[in-house]
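Q: This is the content of data.txt (compact mmCIF, C-alpha atoms):
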# COMPACT_ATOMS: atom_id res chain seq x y z
CA MET Q 466 0.00 0.00 0.00
CA ASN Q 467 1.69 3.18 -1.22
CA ARG Q 468 0.23 5.55 1.31
CA ASP Q 469 1.81 7.56 4.09
CA LEU Q 470 -0.23 6.50 7.12
CA HIS Q 471 1.69 8.96 9.30
CA ALA Q 472 0.06 11.85 7.46
CA ILE Q 473 -3.54 10.69 7.95
CA ARG Q 474 -5.03 12.80 10.72
CA ARG Q 475 -7.66 15.39 11.41
CA ASP Q 476 -8.03 18.03 14.08
CA TYR Q 477 -11.15 17.46 16.13
CA GLN Q 478 -13.40 20.50 16.36
CA PHE Q 479 -16.25 20.27 18.81
CA GLU Q 480 -17.46 21.81 22.05
CA ASP Q 481 -15.71 21.26 25.38
CA LEU Q 482 -16.83 18.43 27.64
CA LEU Q 483 -16.94 19.91 31.14
CA GLU Q 484 -17.78 18.44 34.52
CA ASP Q 485 -20.80 20.67 35.13
CA THR Q 486 -22.23 19.58 31.76
CA VAL Q 487 -22.07 15.87 32.51
CA GLY Q 488 -23.83 15.95 35.88
CA ASP Q 489 -23.68 13.10 38.37
CA ASN Q 490 -25.56 10.35 36.50
CA PRO Q 491 -23.57 8.71 33.67
CA THR Q 492 -26.55 6.71 32.45
CA ALA Q 493 -28.61 9.88 31.99
CA PHE Q 494 -25.71 11.57 30.19
CA PHE Q 495 -25.30 8.50 27.96
CA ASP Q 496 -28.97 8.93 27.03
CA GLN Q 497 -28.25 12.52 25.97
CA TRP Q 498 -25.31 11.55 23.79
CA LEU Q 499 -27.10 8.60 22.20
CA ALA Q 500 -30.20 10.70 21.46
CA PHE Q 501 -28.00 13.37 19.89
CA ALA Q 502 -26.20 10.77 17.74
CA ILE Q 503 -29.55 9.44 16.52
CA ASP Q 504 -30.93 12.93 15.83
CA GLU Q 505 -27.75 13.87 13.93
CA GLY Q 506 -28.18 10.87 11.63
CA VAL Q 507 -25.02 9.03 12.72
CA ASP Q 508 -24.74 5.70 10.88
CA ASP Q 509 -25.53 2.76 13.19
CA PRO Q 510 -25.62 4.85 16.39
CA THR Q 511 -26.34 1.77 18.54
CA ALA Q 512 -23.37 -0.21 17.20
CA MET Q 513 -20.87 -1.00 19.93
CA LEU Q 514 -17.64 -2.94 20.11
CA ILE Q 515 -17.71 -5.62 22.79
CA SER Q 516 -14.33 -6.84 24.03
CA THR Q 517 -13.98 -10.16 25.86
CA VAL Q 518 -11.11 -12.38 27.02
CA ASP Q 519 -10.83 -16.14 26.45
CA ALA Q 520 -9.44 -18.85 28.73
CA GLN Q 521 -5.92 -18.30 27.35
CA GLY Q 522 -6.01 -14.59 28.14
CA GLN Q 523 -6.41 -13.58 24.48
CA PRO Q 524 -8.67 -10.55 24.02
CA HIS Q 525 -11.32 -10.58 21.29
CA ALA Q 526 -13.53 -7.79 19.92
CA ARG Q 527 -16.52 -7.57 17.58
CA VAL Q 528 -19.42 -5.21 16.92
CA VAL Q 529 -22.92 -5.89 18.27
CA LEU Q 530 -26.00 -3.69 18.60
CA LEU Q 531 -27.33 -2.16 21.80
CA LYS Q 532 -30.98 -3.17 22.18
CA GLU Q 533 -31.89 -2.02 25.67
CA HIS Q 534 -30.35 0.01 28.45
CA ASN Q 535 -31.34 1.42 31.82
CA GLU Q 536 -29.80 1.99 35.25
CA SER Q 537 -29.09 -1.75 35.51
CA GLY Q 538 -26.99 -1.97 32.38
CA PHE Q 539 -26.59 -2.29 28.62
CA THR Q 540 -28.22 -5.24 26.82
CA PHE Q 541 -27.44 -7.05 23.57
CA PHE Q 542 -28.54 -10.39 22.13
CA THR Q 543 -26.54 -13.23 20.59
CA ASN Q 544 -25.95 -16.97 20.41
CA TYR Q 545 -24.86 -18.24 23.83
CA GLU Q 546 -22.69 -20.92 22.17
CA SER Q 547 -20.78 -18.40 20.02
CA ASP Q 548 -17.16 -17.51 20.71
CA LYS Q 549 -18.23 -14.46 22.71
CA GLY Q 550 -20.72 -16.57 24.68
CA GLN Q 551 -18.04 -19.10 25.62
CA GLN Q 552 -15.62 -16.34 26.55
CA LEU Q 553 -18.22 -14.65 28.77
CA ALA Q 554 -18.96 -17.99 30.43
CA HIS Q 555 -15.26 -18.21 31.32
CA ASN Q 556 -14.79 -14.55 32.26
CA ASN Q 557 -17.83 -12.32 32.65
CA LYS Q 558 -15.85 -9.08 32.62
CA ALA Q 559 -16.20 -7.14 29.37
CA CYS Q 560 -15.94 -3.70 27.79
CA LEU Q 561 -18.29 -1.89 25.40
CA THR Q 562 -17.09 0.91 23.11
CA PHE Q 563 -19.24 3.33 21.13
CA PHE Q 564 -17.48 5.50 18.53
CA TRP Q 565 -19.23 8.23 16.58
CA PRO Q 566 -16.51 9.76 14.32
CA THR Q 567 -18.67 12.53 12.87
CA LEU Q 568 -19.31 13.81 16.40
CA SER Q 569 -15.73 13.20 17.61
CA ARG Q 570 -17.17 11.18 20.49
CA GLN Q 571 -16.38 7.87 22.12
CA ILE Q 572 -17.84 6.10 25.15
CA ARG Q 573 -16.15 3.19 26.93
CA ILE Q 574 -18.17 1.11 29.38
CA GLU Q 575 -16.56 -1.57 31.57
CA GLY Q 576 -18.32 -4.02 33.85
CA THR Q 577 -19.60 -7.53 34.41
CA VAL Q 578 -22.01 -9.41 32.16
CA GLU Q 579 -24.91 -11.68 33.02
CA LYS Q 580 -27.67 -13.35 31.01
CA VAL Q 581 -31.08 -11.70 30.97
CA LEU Q 582 -34.21 -13.53 32.11
CA ARG Q 583 -35.49 -16.06 29.58
CA GLU Q 584 -38.77 -14.21 29.09
CA VAL Q 585 -36.85 -11.05 28.17
CA SER Q 586 -34.99 -12.94 25.44
CA GLU Q 587 -38.20 -14.52 24.14
CA ASP Q 588 -40.04 -11.18 24.10
CA TYR Q 589 -37.28 -9.52 22.10
CA PHE Q 590 -36.95 -12.52 19.76
CA SER Q 591 -40.65 -12.34 18.95
CA SER Q 592 -40.24 -8.69 17.89
CA ARG Q 593 -37.50 -9.44 15.34
CA PRO Q 594 -38.16 -9.77 11.60
CA ARG Q 595 -39.02 -13.34 10.63
CA GLY Q 596 -35.86 -13.65 8.53
CA SER Q 597 -33.72 -12.71 11.52
CA GLN Q 598 -35.56 -15.24 13.67
CA LEU Q 599 -34.90 -18.02 11.16
CA ALA Q 600 -31.27 -16.98 10.82
CA ALA Q 601 -30.80 -17.22 14.60
CA ARG Q 602 -32.00 -20.83 14.43
CA THR Q 603 -29.94 -21.52 11.31
CA SER Q 604 -26.48 -20.33 12.29
CA LYS Q 605 -24.26 -22.28 14.66
CA GLN Q 606 -22.50 -19.00 15.31
CA SER Q 607 -18.67 -19.12 15.24
CA ALA Q 608 -18.60 -22.76 14.08
CA ILE Q 609 -16.43 -23.59 11.05
CA ILE Q 610 -18.54 -24.43 7.98
CA LYS Q 611 -17.60 -25.66 4.50
CA ASP Q 612 -19.18 -22.84 2.49
CA ARG Q 613 -22.23 -20.57 2.26
CA SER Q 614 -24.39 -23.34 0.81
CA VAL Q 615 -24.41 -24.95 4.27
CA LEU Q 616 -26.10 -21.85 5.69
CA GLN Q 617 -28.53 -21.57 2.81
CA ALA Q 618 -29.62 -25.20 3.14
CA ALA Q 619 -30.06 -24.88 6.90
CA PHE Q 620 -32.08 -21.68 6.46
CA LYS Q 621 -34.42 -23.36 3.99
CA ALA Q 622 -34.88 -26.28 6.38
CA GLU Q 623 -35.87 -23.94 9.23
CA GLU Q 624 -38.14 -21.99 6.90
CA LYS Q 625 -39.94 -25.21 5.96
CA ALA Q 626 -40.14 -26.43 9.56
CA PHE Q 627 -41.92 -23.25 10.65
CA THR Q 628 -44.22 -22.79 7.66
CA ASP Q 629 -47.38 -20.95 8.74
CA GLN Q 630 -46.37 -20.93 12.39
CA LYS Q 631 -44.50 -18.77 14.89
CA VAL Q 632 -40.72 -19.22 14.91
CA ALA Q 633 -39.58 -20.52 18.29
CA CYS Q 634 -36.73 -18.80 20.11
CA PRO Q 635 -33.75 -21.19 20.32
CA GLU Q 636 -32.64 -22.21 23.81
CA ASN Q 637 -29.05 -21.23 22.96
CA TRP Q 638 -29.99 -17.68 21.95
CA GLY Q 639 -30.68 -14.73 24.20
CA GLY Q 640 -29.56 -11.55 25.86
CA TYR Q 641 -26.72 -10.38 28.02
CA THR Q 642 -26.63 -7.26 30.17
CA LEU Q 643 -23.38 -5.53 31.04
CA ASN Q 644 -23.66 -3.96 34.49
CA PRO Q 645 -21.26 -0.99 34.38
CA THR Q 646 -18.56 -0.26 36.93
CA SER Q 647 -16.88 2.40 34.77
CA ILE Q 648 -18.20 4.73 32.04
CA GLU Q 649 -15.82 7.08 30.24
CA PHE Q 650 -16.95 9.88 27.93
CA TRP Q 651 -14.35 11.08 25.39
CA GLN Q 652 -14.74 14.23 23.36
CA GLY Q 653 -12.23 15.02 20.62
CA ARG Q 654 -10.71 18.49 20.92
CA PRO Q 655 -8.23 20.57 18.90
CA SER Q 656 -4.49 19.84 19.14
CA ARG Q 657 -5.20 16.45 20.70
CA LEU Q 658 -6.15 18.06 24.03
CA HIS Q 659 -9.18 15.80 24.25
CA ASP Q 660 -11.66 15.73 27.12
CA ARG Q 661 -11.96 12.44 29.06
CA LEU Q 662 -14.46 12.31 31.91
CA CYS Q 663 -14.64 8.97 33.70
CA PHE Q 664 -17.30 7.77 36.11
CA SER Q 665 -16.29 4.94 38.47
CA LYS Q 666 -18.76 3.09 40.68
CA ILE Q 667 -17.49 2.87 44.25
CA ASN Q 668 -19.78 1.41 46.95
CA GLU Q 669 -22.71 1.71 44.52
CA GLN Q 670 -22.05 5.45 44.10
CA TRP Q 671 -20.67 7.11 40.98
CA THR Q 672 -17.47 9.17 41.30
CA LEU Q 673 -16.41 11.50 38.47
CA ARG Q 674 -12.77 12.15 37.57
CA ARG Q 675 -11.02 13.76 34.62
CA LYS Q 676 -8.21 11.88 32.86
CA ALA Q 677 -5.43 13.34 30.74
CA PRO Q 678 -6.00 12.68 27.00
Re-express the file's structure as structure tokens.
A:
Amino acid sequence: MNRDLHAIRRDYQFEDLLEDTVGDNPTAFFDQWLAFAIDEGVDDPTAMLISTVDAQGQPHARVVLLKEHNESGFTFFTNYESDKGQQLAHNNKACLTFFWPTLSRQIRIEGTVEKVLREVSEDYFSSRPRGSQLAARTSKQSAIIKDRSVLQAAFKAEEKAFTDQKVACPENWGGYTLNPTSIEFWQGRPSRLHDRLCFSKINEQWTLRRKAP
């Protein structure tokens, strides 16, 4: 690749992120930032990178979609037997990262993960498009397969099995909620003097500190 990667940069131009702006509730401030990202038309505003660690200590990361969040945590849905599911079964500590380049904003959320109640998973599954429901039953997520025809054949089999009836939520599919212990808001600023405000949960109370960029 004949490109000078050293020269690829941009100077972030956005408003300051100050302590009195953030307040004392990181979940409420997350709501403000997410709502703003949605209103500004950011592509995939609910996309978040989830980082996990396997039994050998190797970190892994992939993008999933935020589907619910409240004071208890941030929820996404997946196959429990996938690589990420196995890694979370071994080590339930994880990190979520939102990055909205057009807003020069990033949010990092660290905490512990637990499965949601079964009825929560089933309720959400029933709201998904039928194709997505069938795909969840079709894919043995993270398993090695010969080629795409394997998926296509499995999808057709599930489609036939549930002709004219409701698609059942697989037992190995459902939600996880990350209960946050740390939430960091990053705002890009000129000359790389970025703002980083970090909330840490200590004795069930949030403490706010500023970090150097």
Q: Between CA of Asn544 in chain Q and CA of Phe564 in chain Q, what is the distance, to one decimal in Å?
A: 24.1 Å
Q: Range 488-492 of chain Q: which residues within 7 Å, counting all atoms listed in the file, same-chain residues fewer than 3 positions away excluded, as a list in words?
A: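 Here the qualifying residues turn out to be Glu484, Asp485, Phe495, Asp496, Glu536, Ile648 and Phe664 of chain Q.
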Q: Just checking: using only C-alpha atoms, which residue out of Q:Val615, Q:Cys560, Q:Gly639, Q:Ile572 ends up closest to Phe590 in chain Q?
A: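 For Phe590 in chain Q, the nearest of the given residues is Q:Gly639.
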Q: Rounded to one decimal place, report the CA of Ile503 in chain Q-CA of Lys549 in chain Q distance in Å.
A: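 Separation between CA of Ile503 in chain Q and CA of Lys549 in chain Q: 27.2 Å.
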Q: Looking at Q:Thr517, Q:Thr562, Q:Ser604, Q:Asn637, which one is nearest to Ala622 in chain Q, with distances taken over only C-alpha atoms?
A: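 Of the candidates, the smallest distance to Ala622 in chain Q is held by Q:Ser604.
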